[in-house]
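The structure appears right after this line, and notes come after that.
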Number of protein chains: 2
Amino acid sequence: MSPLLTDDLRDDESAEADRLAAKAPTIARHVIEAVTPSVDGGRYPVKRIAGEPCVVEADIFRDGHDVIRAVIKWRREKDAGFTEAPMTLFDNDRWRGEFPLEENARYVFTIEAWTDRFASWLADFTKKASAGRNVASDLLEGIAIVEAIRRRAKGPDMAVLSKTLERMRRVPAVDASSAIEIVSIPELAEIAVRDGDRAEANTCPTLFEVIADRPRARFGAWYEMFPRSQGAVPGKATTLRDAERRLPEISAMGFDVVYLTPIHPIGRTNRKGPNNKLVSDGAGPGSPWAIGSADGGHTAIEPSLGTLDDFDHFAATTAKLGMEVALDFAIQCSPDHPWVREHPQWFRHRPDGSIKYAENPPKEYQDIYPVDFDTPDRDGLMKELLRVVLFWVGHGVRILRVDNPHTKPVGFWQWLIAQVHEKHPDVIFLAEAFTRPKMMKVLAKTGFTQSYTYFTWRNTKLELTEYLTELAQIGMQEYFRPNFFTNTPDILTDVLQKGGRPAFKMRLVLAATMSPSYGIYSGYELCENDAVAAGTEEYLNSEKYEIKVRDWNQPGNIKEFVALVNGIRKENPALHHLTNIRFLPADSDDILFYVRATPDRSNVILVAVNLDPFQWHDCTVTVPPEEIGVAPGGTYRVTDLLTGAVYTWGERNYVRLDPNIEPAHILRVEKP
Amino acid sequence: MSPLLTDDLRDDESAEADRLAAKAPTIARHVIEAVTPSVDGGRYPVKRIAGEPCVVEADIFRDGHDVIRAVIKWRREKDAGFTEAPMTLFDNDRWRGEFPLEENARYVFTIEAWTDRFASWLADFTKKASAGRNVASDLLEGIAIVEAIRRRAKGPDMAVLSKTLERMRRVPAVDASSAIEIVSIPELAEIAVRDGDRAEANTCPTLFEVIADRPRARFGAWYEMFPRSQGAVPGKATTLRDAERRLPEISAMGFDVVYLTPIHPIGRTNRKGPNNKLVSDGAGPGSPWAIGSADGGHTAIEPSLGTLDDFDHFAATTAKLGMEVALDFAIQCSPDHPWVREHPQWFRHRPDGSIKYAENPPKEYQDIYPVDFDTPDRDGLMKELLRVVLFWVGHGVRILRVDNPHTKPVGFWQWLIAQVHEKHPDVIFLAEAFTRPKMMKVLAKTGFTQSYTYFTWRNTKLELTEYLTELAQIGMQEYFRPNFFTNTPDILTDVLQKGGRPAFKMRLVLAATMSPSYGIYSGYELCENDAVAAGTEEYLNSEKYEIKVRDWNQPGNIKEFVALVNGIRKENPALHHLTNIRFLPADSDDILFYVRATPDRSNVILVAVNLDPFQWHDCTVTVPPEEIGVAPGGTYRVTDLLTGAVYTWGERNYVRLDPNIEPAHILRVEKP
């Protein structure tokens, strides 16, 4: 016995005998790791667009020198069987393949790898035979392998295999070059992949999910409006029928989505007055986000707007103009909402019997009750909310802008969106979460199709560069689709308040050319910029609390500019993608310069924006020739799509942008 | 019915009714993500050292504004119940905590988060009361919450709660400051965490694994030797008893691990002769990696080395000198190995009945049969290999250097190492895989304690900087522990062949001060540098195939230098860690300059190495004051631990290194 053996070790011996008696486990022979696209190792789905291929990569390898094969196994999530797509090695144990996302649906995929006995034998045989070694026995091994393949083969493959076997049996092993020639025909290798045993096959244990959305999920220009404020008579709400009259103009400006603030009955209790003052005379129209009255709740229409039929008509008219309606889904209730009476358990009651209204001290929302997800009837509440969404889906609505999703459980959204998508994968959910970054990210990971962003608060060159890099290039792009709103009923930023018309044009160009999805809230085209007070981002006389009347053609409007920019977006596919943005050198801190190109460089757009709305700036911008596909030192023509001007450019170019003329160049590179 | 409703949608209605009838799922209310330390999202264990805390971080948050709490739940893997360690929020939804790794064992942990109803109420109450709002009802809510806590509380907490309740009931709600004071005592918050309901608690679904190794897993100097070549008589093998005579000298050089090349019986069939020539006269000693003969296999001792008792004696003598023996575990057999006869199914037979020997064309290893993991008796093979390891573990061996693990299934190693660690967590496995990077990484991920590296082939400043950054700072450090060998019986690099004694000193300093684990193969201390041919890294007259006799005190040896460097390593804890390396500016491409410091900066080591063994170089090196804990502009003294020289340094310092004097400075920063 060893002098180093301790008592403790001796005690272990029976346990070790047990261990030796137990069966060793099955081994997954092929390592399959670092699979892309994926989010958090497959915990969440990645987002793609239907009609495009899903390119999959992975590290795949095994011990030793055998030749391995790999396939993507993919299917629509709800289907039963997998389809296979081949993968090929392209770099240092990294493999790549792709499968089609033909439908607007959820897909899943994994990867299978196996060892190709024939190819492994062939590689060794060729090396040995070429080195002049005795390969008589090796040839016999090869014959046995080909025979095994023939036993599994069918149809025309049989003939190829039989003929090869005959030739392999006849060739003298010393005739290395003939032997190699016989076994090296590509057809044989293909048959071995097709019919050969998948030796030691194993599959990556993770099933990766891909949401293939319809194209609107990525690309679209949104127009937000209060349907009641589309008329010309002071104090008089417009109906949905009246509001339809503005649709041709919105369409002419090039918008794709008409997003309506809530259209449901507005409560009377604690109705807010102008500029968010508590209880006016009760005669005001109230905030559309105080949802629910004696006239109904989330599935009803505010009577002053009209009826459900009127809504259907509005949606149909929008569709005829090539646009879609987006509805607002705000899970909150006025004290007069039917749920308050019918499902009191969905609200948090205070010890004095009253229901807690929404508040975020010092802010108070006396006209709104939040629903309480801590309710013992969470099941009933969740199903009713699903019913509401399905109700509007039943009315053809396919886009929902979700109000404050971060104040409801993330898991609720994951469930709700998956439930809706099961039958209606075309429904787009936009998360209106302006909150901490990790919550915004997880809402996107768990299912929101698009997300509001910090864009409105990113003003400097550094801020914009860093933010776009984060959104488009370092991971978020797999699951988070930004929708850059220039403004909202709650956000009139400092630069717009102070920078006037040039600022409105400048921020429009940024939103529209940095993000494939972007939007404006109505009034932007009129350069409305009066805040309720200094240091706030709230509008003066906000439309949230009163009916607004505007002259949609008032002097100074930028409607033509908006139409021009939206037209440029539509015509240039380089602007339909998020991840192709690359920032290029511009030797001024006030001029932001970037390029977007389609993968084949058939469409290349250069954008230079003067971020300072108050004065002109100039600089030299650098265009690396490879970015736009021209030879080093070569020149090329660019057309400014905003002005029609044509310039000859090279690697370094002079740019001067005066905000009072045009704050930006949107240059299309003209191919020779 | 909506004009937009299609037939297809109508068909869906019954399915949707079904969906609304089904129960909504339970929601995990708290998001717990981005947990560190972890490898591939928890798929593989992270590595730590027993006796140190495991610092855990995660993104933790929930919807809304409620106050949340989180704990680490941890246990030894084999224990039943979890222990909890608190986590605290430190930044933007990022939480941190730690738990102790007291033992050399495998641990697991996860994270639980919940909502603290009292703290959530307190935050709201304080805000509202401070804003002068009516909080009468809020106070009643608070009383109800505290009452609920009292129902669950025990011992002294009861008294605090009762007293608080009494005060809460008595205080007038209008007396905001008194009310706030009553409910804001820290003790109450602590009791709420301790006794309060863990509202909506949920746990991260992943169980993260941590291997807490003994300190030798991270820090140690290795000495590799052929026990048969430790004597002075040409052609005569030394026995293990003879070889013991070298141990005091190895100990005096400061080594911690004596790694013996295989000590098992060497086969006779196709025994290789000097310089790897096939079949000498059969009288040569053969390669120790051709394991197995009539005298036994992997659990026997080569008779010319002695007996098992002699091995035990050797190990005991090594231990008495404060060192450990490492054995070589090479899964391969000579044609004479007992397994070939007893378990022929473990070897791959060719159609002509012969067994395939190892080859990697054009290289041939006629004296070695690989075992065949494709055997139908894989279970028997795996268990026999486990038995071999446990046999040597039974003889006190706690370090195994594993030969070519990348030619055996990764899953086999994962199983084997876990099996051994179950009872013997102190066994260290070093992976000798010189192969593609992803295979080397996955072997470390699946269980190898340490790994050979590309260090020998990283020579330039850029190469070394990039490689150390990859190993120590961008993810690998969680699972991959490098062991920097300066040379091996197979690797005599170009710089050593050409650079002579200065190169041997330079590469020693790099290995010993860049990696906490490093090693030399014997002969390095004599600066042996004759290659078998130009353009190869093989030694001339390699010890692998013949018995070597050396004068261990021959002129030009660097034994004292080795002892000096190993002594510096032992005395300076900054050199015991991998991740604390930081490269500092040196304005010469030939001088590499880096700092290592303990976290408290009680030990700070600056190393400057002249990478050119042929001529002196000088440069200015920059030491950012914050790296070494001195005030900006301040000076400090450094002692060169190689020469004893003392210098006064500041932020920028002149360095001149002549390889013929000393190729490096190893400077200890002296605290005032």
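Following the order of the structure tokens, chains are lettered A, B, ..., residues in each are numbered from 1, and ligands are numbered from 1.
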Determine, for each residue of chain A having at least one atom at most 7 Å from an atom of chain B, the closest pair of atoms and their separation in Å to one decimal, counting only C-alpha atoms; order by chain and ascending number, as CSV.
residue,atom,partner,partner_atom,distance
A:Ser2,CA,B:His395,CA,5.3
A:Pro3,CA,B:Asp312,CA,6.4
A:Leu4,CA,B:Gly396,CA,5.2
A:Leu5,CA,B:Gly396,CA,6.0
A:Leu9,CA,B:Gly394,CA,6.9
A:Leu20,CA,B:Lys383,CA,5.7
A:Lys23,CA,B:Asp379,CA,6.4
A:Ala24,CA,B:Asp379,CA,5.4
A:Ile27,CA,B:Gly411,CA,5.2
A:Ala28,CA,B:Gly411,CA,6.3
A:Arg29,CA,B:Pro409,CA,6.1
A:Gly41,CA,B:Gly41,CA,6.6
A:Asp63,CA,B:Thr407,CA,4.8
A:Gly64,CA,B:Thr407,CA,4.2
A:Lys127,CA,B:Pro361,CA,6.2
A:Lys128,CA,B:Pro361,CA,6.2
A:Ala131,CA,B:Pro362,CA,6.8
A:Ser137,CA,B:Asp352,CA,6.2
A:Leu140,CA,B:Pro351,CA,6.1
A:Glu141,CA,B:Pro351,CA,6.1
A:Asp312,CA,B:Ser2,CA,5.9
A:Ala316,CA,B:Leu4,CA,6.9
A:Arg350,CA,B:Ser137,CA,6.6
A:Pro351,CA,B:Glu141,CA,6.1
A:Asp352,CA,B:Ser137,CA,6.2
A:Pro361,CA,B:Lys128,CA,6.2
A:Pro362,CA,B:Ala131,CA,6.8
A:Asp379,CA,B:Ala24,CA,5.4
A:Met382,CA,B:Ala24,CA,6.8
A:Lys383,CA,B:Leu20,CA,5.8
A:Gly394,CA,B:Leu5,CA,6.3
A:His395,CA,B:Ser2,CA,5.4
A:Gly396,CA,B:Leu4,CA,5.2
A:His406,CA,B:Asp63,CA,5.2
A:Thr407,CA,B:Gly64,CA,4.2
A:Lys408,CA,B:Asp63,CA,5.5
A:Pro409,CA,B:Asp63,CA,5.4
A:Val410,CA,B:Asp63,CA,6.8
A:Gly411,CA,B:Ile27,CA,5.2
A:Phe412,CA,B:Ile27,CA,6.7
Take the residues from that selection and write them out as a compact mmCIF listing (two decimals), in the first residue's frame, keeping N, CA and C atoms.
# COMPACT_ATOMS: atom_id res chain seq x y z
N SER A 2 0.44 2.23 -0.69
CA SER A 2 1.26 3.44 -0.82
C SER A 2 1.44 4.14 0.51
N PRO A 3 2.66 4.63 0.77
CA PRO A 3 2.88 5.38 2.02
C PRO A 3 2.10 6.69 2.04
N LEU A 4 1.61 7.11 0.88
CA LEU A 4 0.87 8.38 0.83
C LEU A 4 -0.62 8.19 1.04
N LEU A 5 -1.04 6.92 1.08
CA LEU A 5 -2.48 6.68 1.22
C LEU A 5 -2.95 7.03 2.62
N LEU A 9 -8.63 8.22 2.21
CA LEU A 9 -8.63 7.66 0.86
C LEU A 9 -9.11 6.23 0.87
N LEU A 20 -17.16 2.77 -10.58
CA LEU A 20 -16.65 1.99 -11.71
C LEU A 20 -17.69 0.99 -12.19
N LYS A 23 -22.73 2.64 -15.26
CA LYS A 23 -22.49 2.78 -16.69
C LYS A 23 -21.98 4.19 -17.00
N ALA A 24 -21.01 4.27 -17.85
CA ALA A 24 -20.52 5.58 -18.29
C ALA A 24 -21.60 6.22 -19.17
N ILE A 27 -21.87 10.05 -24.79
CA ILE A 27 -21.11 11.27 -25.05
C ILE A 27 -21.65 11.98 -26.30
N ALA A 28 -21.86 13.27 -26.19
CA ALA A 28 -22.15 14.07 -27.39
C ALA A 28 -20.80 14.34 -28.03
N ARG A 29 -20.53 13.73 -29.16
CA ARG A 29 -19.18 13.71 -29.71
C ARG A 29 -18.76 15.03 -30.33
N GLY A 41 -27.66 33.42 -25.47
CA GLY A 41 -27.46 31.98 -25.60
C GLY A 41 -28.72 31.20 -25.96
N ASP A 63 -13.11 15.89 -31.49
CA ASP A 63 -11.76 15.42 -31.22
C ASP A 63 -11.17 14.78 -32.47
N GLY A 64 -9.86 14.80 -32.55
CA GLY A 64 -9.18 14.11 -33.64
C GLY A 64 -9.29 14.83 -34.96
N LYS A 127 -3.77 11.23 -48.37
CA LYS A 127 -2.48 11.64 -47.81
C LYS A 127 -1.48 10.48 -47.86
N LYS A 128 -1.93 9.31 -47.42
CA LYS A 128 -1.01 8.18 -47.36
C LYS A 128 -0.60 7.71 -48.75
N ALA A 131 1.78 9.96 -50.29
CA ALA A 131 3.10 9.88 -49.67
C ALA A 131 3.80 8.57 -50.05
N SER A 137 -4.31 -2.17 -47.27
CA SER A 137 -5.31 -2.37 -46.22
C SER A 137 -6.28 -1.19 -46.17
N LEU A 140 -9.00 -1.60 -48.61
CA LEU A 140 -10.03 -2.53 -48.13
C LEU A 140 -10.98 -1.84 -47.15
N GLU A 141 -10.42 -0.99 -46.31
CA GLU A 141 -11.27 -0.22 -45.38
C GLU A 141 -12.26 0.64 -46.16
N ASP A 312 -64.02 51.33 -38.19
CA ASP A 312 -63.74 50.41 -39.30
C ASP A 312 -63.60 51.19 -40.62
N ALA A 316 -60.39 51.45 -43.00
CA ALA A 316 -60.48 51.05 -44.41
C ALA A 316 -59.97 52.18 -45.31
N ARG A 350 -57.59 50.90 -1.05
CA ARG A 350 -56.91 51.40 0.13
C ARG A 350 -57.73 51.04 1.37
N PRO A 351 -57.09 51.12 2.54
CA PRO A 351 -57.82 50.75 3.76
C PRO A 351 -59.13 51.51 3.93
N ASP A 352 -59.21 52.72 3.37
CA ASP A 352 -60.46 53.48 3.54
C ASP A 352 -61.48 53.11 2.47
N PRO A 361 -45.08 60.48 -7.21
CA PRO A 361 -44.91 61.75 -6.51
C PRO A 361 -43.73 62.55 -7.06
N PRO A 362 -43.85 63.85 -7.28
CA PRO A 362 -45.04 64.64 -6.93
C PRO A 362 -46.14 64.62 -7.99
N ASP A 379 -55.27 35.85 -13.36
CA ASP A 379 -55.68 35.06 -14.53
C ASP A 379 -56.81 35.75 -15.30
N MET A 382 -55.49 39.03 -16.98
CA MET A 382 -54.65 38.78 -18.15
C MET A 382 -55.51 38.35 -19.34
N LYS A 383 -56.47 37.51 -19.08
CA LYS A 383 -57.29 37.03 -20.19
C LYS A 383 -58.17 38.14 -20.76
N GLY A 394 -59.42 41.61 -34.36
CA GLY A 394 -60.61 41.22 -35.12
C GLY A 394 -61.15 42.35 -35.98
N HIS A 395 -60.85 43.57 -35.61
CA HIS A 395 -61.24 44.73 -36.42
C HIS A 395 -60.12 45.16 -37.36
N GLY A 396 -59.21 44.26 -37.60
CA GLY A 396 -58.20 44.52 -38.63
C GLY A 396 -56.98 45.27 -38.13
N HIS A 406 -43.46 49.10 -19.18
CA HIS A 406 -42.54 48.78 -18.09
C HIS A 406 -43.17 48.87 -16.71
N THR A 407 -44.43 49.32 -16.64
CA THR A 407 -45.10 49.32 -15.35
C THR A 407 -46.02 48.11 -15.20
N LYS A 408 -45.96 47.20 -16.17
CA LYS A 408 -46.69 45.93 -16.08
C LYS A 408 -45.67 44.80 -16.13
N PRO A 409 -46.03 43.61 -15.62
CA PRO A 409 -45.02 42.54 -15.56
C PRO A 409 -44.50 42.15 -16.95
N VAL A 410 -43.19 42.01 -17.03
CA VAL A 410 -42.56 41.62 -18.29
C VAL A 410 -43.11 40.28 -18.77
N GLY A 411 -43.30 39.37 -17.83
CA GLY A 411 -43.82 38.05 -18.18
C GLY A 411 -45.22 38.11 -18.77
N PHE A 412 -46.00 39.08 -18.34
CA PHE A 412 -47.34 39.27 -18.92
C PHE A 412 -47.22 39.58 -20.39
| request: Quick one: pick out all alpha helix (DSSP H) residues within region 335-528 of chain A from a backbone DSSP run and write them as a ChimeraX atom specification. | output: /A:338-342,378-394,410-423,437-445,461-473,494-514
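Using only C-alpha atoms for every distance, the candidate list A:Gln366, A:Asn660, A:Thr635, A:Thr206 yields A:Asn660 as the residue closest to Arg501 (chain A).
Residues in contact with Met158 (chain B) at up to 12 Å, not including ones fewer than 5 positions away on its chain and judged by only C-alpha atoms, are Val146, Glu147, Ala148, Ile149, Arg150, Arg151, Arg152, Ala153, Lys163, Thr164, Leu165, Glu187, Leu188, Ile191, Ala192 and Asp195 of chain B.
The set of residues in region 112-193 of chain A assigned to strand (DSSP E) by DSSP, using only backbone atoms of this structure, is A:Glu112, A:Ala113, A:Trp114, A:Thr115.
Within the 10 Å cut-off around Cys619 (chain A), using only C-alpha atoms and omitting residues fewer than 6 positions from it on the same chain, the listed residues are Pro585, Ala586, Asp587, Ser588, Asp589, Asp590, Ile591, Asn653, Tyr654, Val655, Arg656 and Leu657 of chain A.
Of the listed residues B:Glu528, B:Asp403, B:Glu57, B:Glu478, the one whose atoms come nearest to Thr36 (chain B) is B:Glu57, with distances taken using only C-alpha atoms.
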| task | Would you mind listing what lies within 8 Å of region 109-111 of chain A as a ChimeraX atom specification, with only C-alpha atoms counted and same-chain residues fewer than 5 positions away left out? | result | /A:32,70-75,203-210
Go ahead and save the picked residues with N, CA and C atoms, as a PDB file, in the first residue's frame.
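To be explicit, this is the file written out as out-v4.pdb:
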ATOM      1  N   ILE A  32     -20.820  21.884 -30.329  1.00  0.00           N
ATOM      2  CA  ILE A  32     -21.555  22.886 -31.118  1.00  0.00           C
ATOM      3  C   ILE A  32     -21.780  24.073 -30.191  1.00  0.00           C
ATOM      4  N   ALA A  70     -22.301  19.243 -40.930  1.00  0.00           N
ATOM      5  CA  ALA A  70     -23.285  19.886 -40.065  1.00  0.00           C
ATOM      6  C   ALA A  70     -24.438  20.416 -40.898  1.00  0.00           C
ATOM      7  N   VAL A  71     -25.600  20.397 -40.303  1.00  0.00           N
ATOM      8  CA  VAL A  71     -26.788  20.987 -40.942  1.00  0.00           C
ATOM      9  C   VAL A  71     -27.540  21.819 -39.918  1.00  0.00           C
ATOM     10  N   ILE A  72     -28.214  22.833 -40.424  1.00  0.00           N
ATOM     11  CA  ILE A  72     -29.213  23.533 -39.620  1.00  0.00           C
ATOM     12  C   ILE A  72     -30.480  22.695 -39.706  1.00  0.00           C
ATOM     13  N   LYS A  73     -31.123  22.453 -38.577  1.00  0.00           N
ATOM     14  CA  LYS A  73     -32.439  21.811 -38.583  1.00  0.00           C
ATOM     15  C   LYS A  73     -33.439  22.887 -38.179  1.00  0.00           C
ATOM     16  N   TRP A  74     -34.347  23.216 -39.069  1.00  0.00           N
ATOM     17  CA  TRP A  74     -35.237  24.335 -38.814  1.00  0.00           C
ATOM     18  C   TRP A  74     -36.684  23.970 -39.145  1.00  0.00           C
ATOM     19  N   ARG A  75     -37.594  24.695 -38.528  1.00  0.00           N
ATOM     20  CA  ARG A  75     -39.017  24.529 -38.818  1.00  0.00           C
ATOM     21  C   ARG A  75     -39.765  25.759 -38.313  1.00  0.00           C
ATOM     22  N   THR A 203     -26.945  16.746 -31.549  1.00  0.00           N
ATOM     23  CA  THR A 203     -27.614  18.008 -31.829  1.00  0.00           C
ATOM     24  C   THR A 203     -27.321  18.976 -30.700  1.00  0.00           C
ATOM     25  N   CYS A 204     -27.165  20.216 -31.051  1.00  0.00           N
ATOM     26  CA  CYS A 204     -27.029  21.269 -30.047  1.00  0.00           C
ATOM     27  C   CYS A 204     -28.251  21.229 -29.129  1.00  0.00           C
ATOM     28  N   PRO A 205     -28.058  21.224 -27.810  1.00  0.00           N
ATOM     29  CA  PRO A 205     -29.216  21.058 -26.920  1.00  0.00           C
ATOM     30  C   PRO A 205     -30.180  22.247 -26.904  1.00  0.00           C
ATOM     31  N   THR A 206     -29.767  23.376 -27.454  1.00  0.00           N
ATOM     32  CA  THR A 206     -30.635  24.555 -27.411  1.00  0.00           C
ATOM     33  C   THR A 206     -31.446  24.660 -28.695  1.00  0.00           C
ATOM     34  N   LEU A 207     -32.724  24.988 -28.553  1.00  0.00           N
ATOM     35  CA  LEU A 207     -33.564  25.273 -29.708  1.00  0.00           C
ATOM     36  C   LEU A 207     -33.652  26.805 -29.788  1.00  0.00           C
ATOM     37  N   PHE A 208     -33.121  27.353 -30.869  1.00  0.00           N
ATOM     38  CA  PHE A 208     -33.065  28.808 -31.017  1.00  0.00           C
ATOM     39  C   PHE A 208     -34.316  29.300 -31.737  1.00  0.00           C
ATOM     40  N   GLU A 209     -34.837  30.425 -31.273  1.00  0.00           N
ATOM     41  CA  GLU A 209     -36.087  30.936 -31.828  1.00  0.00           C
ATOM     42  C   GLU A 209     -35.820  32.174 -32.690  1.00  0.00           C
ATOM     43  N   VAL A 210     -36.552  32.265 -33.787  1.00  0.00           N
ATOM     44  CA  VAL A 210     -36.444  33.410 -34.688  1.00  0.00           C
ATOM     45  C   VAL A 210     -37.857  33.907 -34.972  1.00  0.00           C
TER      46      VAL A 210
END
